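Coordinates from run_3.cif are shown below (mmCIF, C-alpha atoms).
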```
data_my_file
loop_
_atom_site.label_atom_id
_atom_site.label_comp_id
_atom_site.auth_asym_id
_atom_site.auth_seq_id
_atom_site.Cartn_x
_atom_site.Cartn_y
_atom_site.Cartn_z
CA MET A 955 91.00 121.46 117.95
CA ARG A 956 88.51 118.59 117.65
CA VAL A 957 85.35 118.98 119.73
CA VAL A 958 82.28 116.77 120.20
CA VAL A 959 79.00 118.58 120.96
CA ALA A 960 76.46 116.16 122.48
CA ASP A 961 72.79 117.08 122.92
CA ASP A 962 69.62 115.19 122.03
CA SER A 963 68.16 118.44 120.70
CA ARG A 964 69.42 119.22 117.19
CA VAL A 965 68.25 122.79 117.71
CA MET A 966 70.30 123.11 120.89
CA ARG A 967 73.38 121.62 119.20
CA GLN A 968 72.96 124.25 116.50
CA ILE A 969 72.72 127.01 119.12
CA VAL A 970 75.76 125.70 121.03
CA ILE A 971 77.81 125.56 117.80
CA ARG A 972 76.60 129.02 116.74
CA THR A 973 77.51 130.44 120.15
CA LEU A 974 80.95 128.79 120.07
CA ARG A 975 81.59 130.54 116.73
CA GLN A 976 80.32 133.85 118.18
CA ALA A 977 82.76 133.31 121.05
CA GLY A 978 85.56 133.05 118.50
CA TYR A 979 86.22 129.32 118.64
CA GLU A 980 86.90 128.02 115.13
CA TRP A 981 86.83 124.36 116.10
CA ASP A 982 86.36 121.17 114.13
CA ILE A 983 83.03 120.06 115.60
CA THR A 984 81.35 116.65 115.48
CA GLU A 985 77.78 116.28 116.75
CA ALA A 986 76.33 113.49 118.89
CA SER A 987 72.63 113.09 119.69
CA ASP A 988 72.94 111.16 122.95
CA GLY A 989 75.46 109.96 125.51
CA ALA A 990 76.04 106.57 123.88
CA GLU A 991 76.83 108.16 120.49
CA SER A 992 79.09 110.67 122.22
CA LEU A 993 80.97 107.87 124.01
CA GLN A 994 81.48 106.07 120.70
CA LEU A 995 82.71 109.31 119.07
CA ALA A 996 85.10 109.85 121.97
CA ARG A 997 86.63 106.46 121.12
CA ASP A 998 86.61 107.00 117.34
CA VAL A 999 87.57 110.66 117.04
CA ASP A 1000 89.66 111.13 120.23
CA PRO A 1001 88.48 114.74 120.59
CA ASP A 1002 90.30 117.45 122.53
CA LEU A 1003 87.07 118.43 124.31
CA VAL A 1004 83.52 117.11 124.75
CA LEU A 1005 80.70 119.59 125.44
CA SER A 1006 77.70 117.62 126.64
CA ASP A 1007 74.10 118.05 127.70
CA TRP A 1008 73.19 116.24 130.92
CA ASN A 1009 69.69 114.91 130.34
CA MET A 1010 69.69 112.76 127.19
CA PRO A 1011 68.04 109.49 126.13
CA GLU A 1012 70.06 106.26 125.79
CA MET A 1013 72.82 107.48 128.09
CA THR A 1014 72.89 110.66 130.19
CA GLY A 1015 75.83 113.01 130.06
CA ILE A 1016 77.02 112.13 133.56
CA ASP A 1017 76.83 108.38 132.81
CA MET A 1018 78.79 108.98 129.62
CA LEU A 1019 81.48 110.89 131.54
CA ARG A 1020 81.72 108.11 134.14
CA ALA A 1021 81.95 105.49 131.37
CA MET A 1022 84.75 107.48 129.70
CA ARG A 1023 86.73 107.73 132.92
CA ALA A 1024 86.10 104.04 133.75
CA ALA A 1025 87.48 103.15 130.32
CA GLY A 1026 90.60 105.20 131.01
CA MET A 1027 89.70 108.06 128.65
CA ASP A 1028 90.80 111.38 130.15
CA ILE A 1029 89.30 113.58 127.40
CA PRO A 1030 88.31 116.95 128.95
CA LEU A 1031 84.52 117.30 129.25
CA GLY A 1032 82.28 120.23 130.14
CA PHE A 1033 78.52 120.16 130.62
CA VAL A 1034 76.13 122.57 128.88
CA THR A 1035 72.81 121.88 130.52
CA SER A 1036 69.45 123.43 131.41
CA GLU A 1037 69.98 122.57 135.07
CA GLY A 1038 72.77 123.98 137.18
CA SER A 1039 71.89 123.01 140.75
CA PRO A 1040 74.68 122.79 143.34
CA GLU A 1041 74.05 119.01 143.56
CA MET A 1042 74.60 118.59 139.83
CA ARG A 1043 77.73 120.75 139.92
CA GLU A 1044 79.08 118.55 142.74
CA GLN A 1045 78.28 115.38 140.77
CA ALA A 1046 79.88 116.82 137.65
CA GLU A 1047 83.07 117.81 139.48
CA ALA A 1048 83.28 114.48 141.33
CA ALA A 1049 83.00 112.62 138.00
CA GLY A 1050 85.81 114.71 136.55
CA ALA A 1051 84.04 117.41 134.51
CA LEU A 1052 85.94 120.63 133.89
CA PHE A 1053 82.91 122.92 134.18
CA LEU A 1054 79.14 123.15 133.98
CA ILE A 1055 77.51 125.90 131.92
CA ALA A 1056 73.80 126.31 132.69
CA LYS A 1057 71.47 127.24 129.82
CA PRO A 1058 70.73 129.89 128.77
CA PHE A 1059 74.23 130.93 127.82
CA THR A 1060 75.85 133.65 125.77
CA ALA A 1061 79.13 133.89 123.87
CA ASP A 1062 80.52 135.76 126.90
CA THR A 1063 79.54 132.86 129.19
CA PHE A 1064 81.36 130.44 126.91
CA ARG A 1065 84.52 132.58 126.75
CA GLU A 1066 84.60 133.23 130.51
CA THR A 1067 84.12 129.55 131.32
CA ILE A 1068 86.12 127.82 128.58
CA ASP A 1069 89.08 130.18 128.03
CA PRO A 1070 90.80 129.36 131.36
CA PHE A 1071 90.99 125.71 130.32
CA LEU A 1072 92.53 126.46 126.92
CA ALA A 1073 95.67 128.10 128.25
CA MET B 1007 57.85 121.24 143.63
CA SER B 1008 55.26 123.90 144.51
CA ALA B 1009 55.77 123.61 148.26
CA ALA B 1010 59.23 125.09 147.92
CA ILE B 1011 58.34 127.98 145.57
CA ASP B 1012 56.96 131.25 146.89
CA MET B 1013 53.78 131.61 144.80
CA SER B 1014 53.37 135.29 145.68
CA VAL B 1015 56.43 136.11 143.61
CA PHE B 1016 56.13 133.35 141.00
CA SER B 1017 55.22 135.76 138.18
CA GLU B 1018 58.20 137.99 138.91
CA THR B 1019 60.54 135.02 139.33
CA VAL B 1020 59.43 133.25 136.18
CA PHE B 1021 59.57 136.54 134.26
CA ALA B 1022 63.19 137.03 135.34
CA ILE B 1023 63.99 133.48 134.20
CA ALA B 1024 62.07 133.77 130.92
CA GLU B 1025 63.60 137.18 130.15
CA GLU B 1026 67.09 135.74 130.59
CA VAL B 1027 66.25 132.72 128.41
CA PHE B 1028 64.62 134.82 125.69
CA SER B 1029 67.35 137.46 125.61
CA ALA B 1030 70.12 134.83 125.43
CA MET B 1031 68.48 132.45 122.95
CA ILE B 1032 65.91 134.41 120.96
CA ASP B 1033 66.10 138.23 121.12
CA PRO B 1034 69.52 139.77 121.76
CA GLU B 1035 67.87 143.18 122.27
CA PRO B 1036 66.01 143.42 125.61
CA GLY B 1037 62.32 144.27 125.83
CA ALA B 1038 60.80 141.71 123.44
CA LEU B 1039 59.28 139.85 126.38
CA GLN B 1040 57.04 141.82 128.73
CA PRO B 1041 54.82 140.89 131.67
CA SER B 1042 51.14 141.07 130.75
CA VAL B 1043 48.25 141.91 133.06
CA GLU B 1044 45.61 140.84 130.55
CA ASP B 1045 43.72 137.62 131.16
CA VAL B 1046 44.17 135.60 127.99
CA GLU B 1047 41.83 132.79 126.99
CA ALA B 1048 43.39 129.58 125.73
CA PRO B 1049 43.91 130.00 121.98
CA ALA B 1050 41.98 127.73 119.61
CA ASP B 1051 45.12 126.85 117.69
CA ALA B 1052 47.62 126.36 120.49
CA THR B 1053 50.99 124.79 121.18
CA TYR B 1054 51.99 123.57 124.61
CA ALA B 1055 55.48 122.53 125.67
CA TRP B 1056 56.31 121.21 129.12
CA VAL B 1057 58.82 119.44 131.32
CA ASP B 1058 58.03 117.57 134.53
CA VAL B 1059 60.08 117.39 137.70
CA HIS B 1060 59.84 114.16 139.66
CA GLY B 1061 60.74 113.75 143.30
CA GLU B 1062 59.16 114.64 146.60
CA HIS B 1063 57.09 117.49 145.15
CA PRO B 1064 56.40 116.51 141.53
CA GLY B 1065 55.54 119.42 139.29
CA ARG B 1066 55.31 120.65 135.74
CA VAL B 1067 56.45 123.83 134.02
CA MET B 1068 54.45 124.46 130.85
CA LEU B 1069 54.67 127.07 128.15
CA GLY B 1070 51.50 127.73 126.16
CA THR B 1071 50.93 130.01 123.21
CA GLU B 1072 49.28 130.29 119.80
CA HIS B 1073 50.73 127.91 117.23
CA GLU B 1074 51.71 130.88 115.04
CA THR B 1075 53.62 132.44 117.95
CA ALA B 1076 55.39 129.13 118.60
CA MET B 1077 56.31 129.06 114.90
CA LEU B 1078 57.74 132.60 115.15
CA LEU B 1079 59.69 131.56 118.26
CA THR B 1080 61.15 128.63 116.34
CA ARG B 1081 62.23 130.85 113.44
CA ALA B 1082 63.75 133.37 115.86
CA LEU B 1083 65.59 130.66 117.81
CA LEU B 1084 67.00 129.17 114.61
CA MET B 1085 67.69 132.59 113.03
CA MET B 1086 65.50 131.67 110.07
CA ALA B 1087 63.83 134.08 107.63
CA GLN B 1088 60.18 134.93 108.38
CA ASP B 1089 58.95 133.01 105.34
CA GLU B 1090 61.33 130.06 105.68
CA GLU B 1091 59.72 126.62 105.98
CA VAL B 1092 59.99 125.07 109.46
CA SER B 1093 60.05 121.26 109.64
CA ASP B 1094 57.84 119.53 112.22
CA ALA B 1095 60.95 118.08 113.86
CA ASP B 1096 62.60 121.49 114.26
CA PHE B 1097 59.34 123.01 115.54
CA VAL B 1098 58.91 120.37 118.27
CA ASP B 1099 62.61 120.45 119.10
CA ALA B 1100 62.82 124.26 119.37
CA VAL B 1101 59.64 124.86 121.37
CA GLY B 1102 60.50 121.90 123.62
CA GLU B 1103 63.96 123.30 124.29
CA ILE B 1104 62.55 126.68 125.33
CA ALA B 1105 60.31 124.87 127.86
CA ASN B 1106 63.27 122.71 128.90
CA VAL B 1107 65.56 125.66 129.64
CA VAL B 1108 62.82 127.64 131.45
CA GLY B 1109 61.82 124.50 133.37
CA GLY B 1110 65.41 123.69 134.31
CA ASN B 1111 65.83 127.17 135.77
CA VAL B 1112 62.51 126.99 137.66
CA LYS B 1113 63.60 123.61 139.00
CA ALA B 1114 66.77 125.25 140.34
CA LEU B 1115 64.54 127.20 142.78
CA VAL B 1116 63.59 123.97 144.51
CA PRO B 1117 65.84 122.30 147.10
CA ASP B 1118 66.59 118.62 146.38
CA PRO B 1119 64.46 118.29 143.23
CA GLY B 1120 64.12 115.01 141.36
CA PRO B 1121 65.11 114.47 137.74
CA LEU B 1122 63.71 116.61 134.92
CA THR B 1123 61.90 114.77 132.13
CA LEU B 1124 62.64 115.31 128.46
CA PRO B 1125 60.38 118.05 127.02
CA GLN B 1126 56.99 117.22 125.49
CA VAL B 1127 55.17 119.29 122.87
CA ALA B 1128 51.50 118.98 121.87
CA ALA B 1129 48.49 120.93 120.63
CA GLU B 1130 46.62 120.13 123.86
CA PRO B 1131 47.81 120.29 127.46
CA PRO B 1132 48.27 116.85 129.05
CA ALA B 1133 45.08 115.56 130.71
CA ASP B 1134 46.60 113.72 133.63
CA GLY B 1135 45.03 115.32 136.68
CA ALA B 1136 47.72 117.98 137.14
CA VAL B 1137 46.55 120.90 139.27
CA LEU B 1138 47.28 124.46 138.13
CA LEU B 1139 49.17 126.40 140.78
CA HIS B 1140 50.04 129.55 138.92
CA ASP B 1141 49.77 130.96 135.42
CA ALA B 1142 52.10 133.82 134.53
CA GLN B 1143 51.11 135.74 131.40
CA PHE B 1144 53.57 137.51 129.14
CA ALA B 1145 53.62 139.25 125.80
CA TRP B 1146 56.42 138.26 123.43
CA ARG B 1147 56.70 140.74 120.55
CA GLY B 1148 53.14 141.71 121.57
CA ARG B 1149 51.82 138.14 121.32
CA PRO B 1150 50.32 136.35 124.35
CA LEU B 1151 52.45 133.63 125.92
CA GLY B 1152 51.86 131.88 129.24
CA ILE B 1153 54.18 129.99 131.54
CA SER B 1154 52.40 127.95 134.16
CA LEU B 1155 53.36 125.86 137.16
CA TRP B 1156 51.44 122.67 137.95
CA SER B 1157 51.39 120.16 140.75
CA LEU B 1158 51.40 116.54 139.58
CA PRO B 1159 49.30 113.82 141.23
#
```
In structure tokens, what does this structure look like?
Amino acid sequence: MRVVVADDSRVMRQIVIRTLRQAGYEWDITEASDGAESLQLARDVDPDLVLSDWNMPEMTGIDMLRAMRAAGMDIPLGFVTSEGSPEMREQAEAAGALFLIAKPFTADTFRETIDPFLA
Amino acid sequence: MSAAIDMSVFSETVFAIAEEVFSAMIDPEPGALQPSVEDVEAPADATYAWVDVHGEHPGRVMLGTEHETAMLLTRALLMMAQDEEVSDADFVDAVGEIANVVGGNVKALVPDPGPLTLPQVAAEPPADGAVLLHDAQFAWRGRPLGISLWSLP
């Protein structure tokens, strides 16, 4: 399974990838450092899933998701973000996100949230 | 932001948030972060990391600690050896992300908050007229660490 992990923090990308491995996901992961790079990777790599931060320079995660959908790309996307307000969850769902995981997270959080979408 | 947060329980609230952040990201075993009742003077060699929340009640959540403690936090976050060299980029990134995650969770306490800024990291706190509302002191692995809430002009 090909997965793009998008976060402007290299440290956070490392932690997300480490936690995915702890959760048992042996995925082929490509990293993106902002929304624009992630959008380009979505076009180039055609991943099976995008895991994206919300607040990033160049292009935010929600703008990237909207741009993907506007371009006809239905690649599944979940947010992994430091903010998980009800308003953001509503925006995420309305834009077509599968889920929103609020930081901090654990391997259990990842499994509980992501597993239902892998069936 | 402050108008919507109950200051009388800020220390307890921010401790609960920080404990969750630290146990998930830094120390899998609980107990590394403890509330502290000691008044701690600003360290001479300090690191500050903060995020701002814009909107109707603009505010700032700032983490402050000794540089050496921030370096230990970075190594712990990145699962590095105690003597492993930490690059400046990783240091700023790691300490900023801790402030970002704590700040994002504090922001969640506020109804209808504005956007959160990207984290900033510096050796001095920003001198922009922010007013200190509350300073919660903790001990991480026995080392002083403060998390403060500020009102922005």
### Task
Would you kindly report the residues of chain A within 9 Å of chain B, using only C-alpha atoms, as a list in words?
Ser963, Arg964, Val965, Met966, Gln968, Ile969, Asn1009, Met1010, Pro1011, Thr1035, Ser1036, Glu1037, Gly1038, Ser1039, Pro1040, Glu1041, Ala1056, Lys1057, Pro1058, Phe1059 and Thr1060 of chain A
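Note that atom CA of A:Met1027 and atom CA of A:Arg997 are 8.3 Å apart.
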Box for stretch 1047-1062 of chain A - axis-aligned, 8 Å on each of the six sides, all listed atoms - centre and size in Å to one decimal, as AutoDock Vina command-line options.
```
--center_x 78.3 --center_y 124.2 --center_z 132.6 --size_x 31.2 --size_y 39.1 --size_z 33.5
```
### Task
Kindly resolve the PyMOL selection byres ((chain B and resi 1040) around 9) on the present coordinates and return the residues as number ranges by chain.
B: 1021, 1025, 1037-1039, 1041-1042, 1143-1148
### Task
Determine the residue set returned by the PyMOL selection byres ((chain A and resi 983) around 7) for the present structure, and present it as a ChimeraX atom specification.
/A:956-959,981-982,984-985
### Query
Near B:Leu1158, counting only C-alpha atoms, which residues have an atom at most 10 Å away, once you skip same-chain residues fewer than 3 positions from it, shown as number ranges by chain?
B: 1007-1008, 1058-1060, 1063-1066, 1134-1138, 1155
### Message
What does the structure give for the distance between atom CA of A:Leu1054 and atom CA of A:Pro1001, in Å to one decimal?
### Response
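Spanning atom CA of A:Leu1054 to atom CA of A:Pro1001 is a straight-line distance of 18.4 Å.
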### Message
As an exercise, work out the distance from atom CA of B:Ala1076 to atom CA of A:Val1034 in Å and give it to one decimal place.
### Response
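Distance between the two atoms: 24.1 Å.
Among A:Asp1069, A:Arg972, A:Asp1017, A:Ala1025, the residue with the shortest atom-to-atom distance to A:Gly989, counting only C-alpha atoms, is A:Asp1017.
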### Message
I need the output of the PyMOL selection byres ((chain A and resi 1029) around 7) for this file as number ranges by chain; which residues are they?
### Response
A: 1001-1003, 1027-1028, 1030-1031
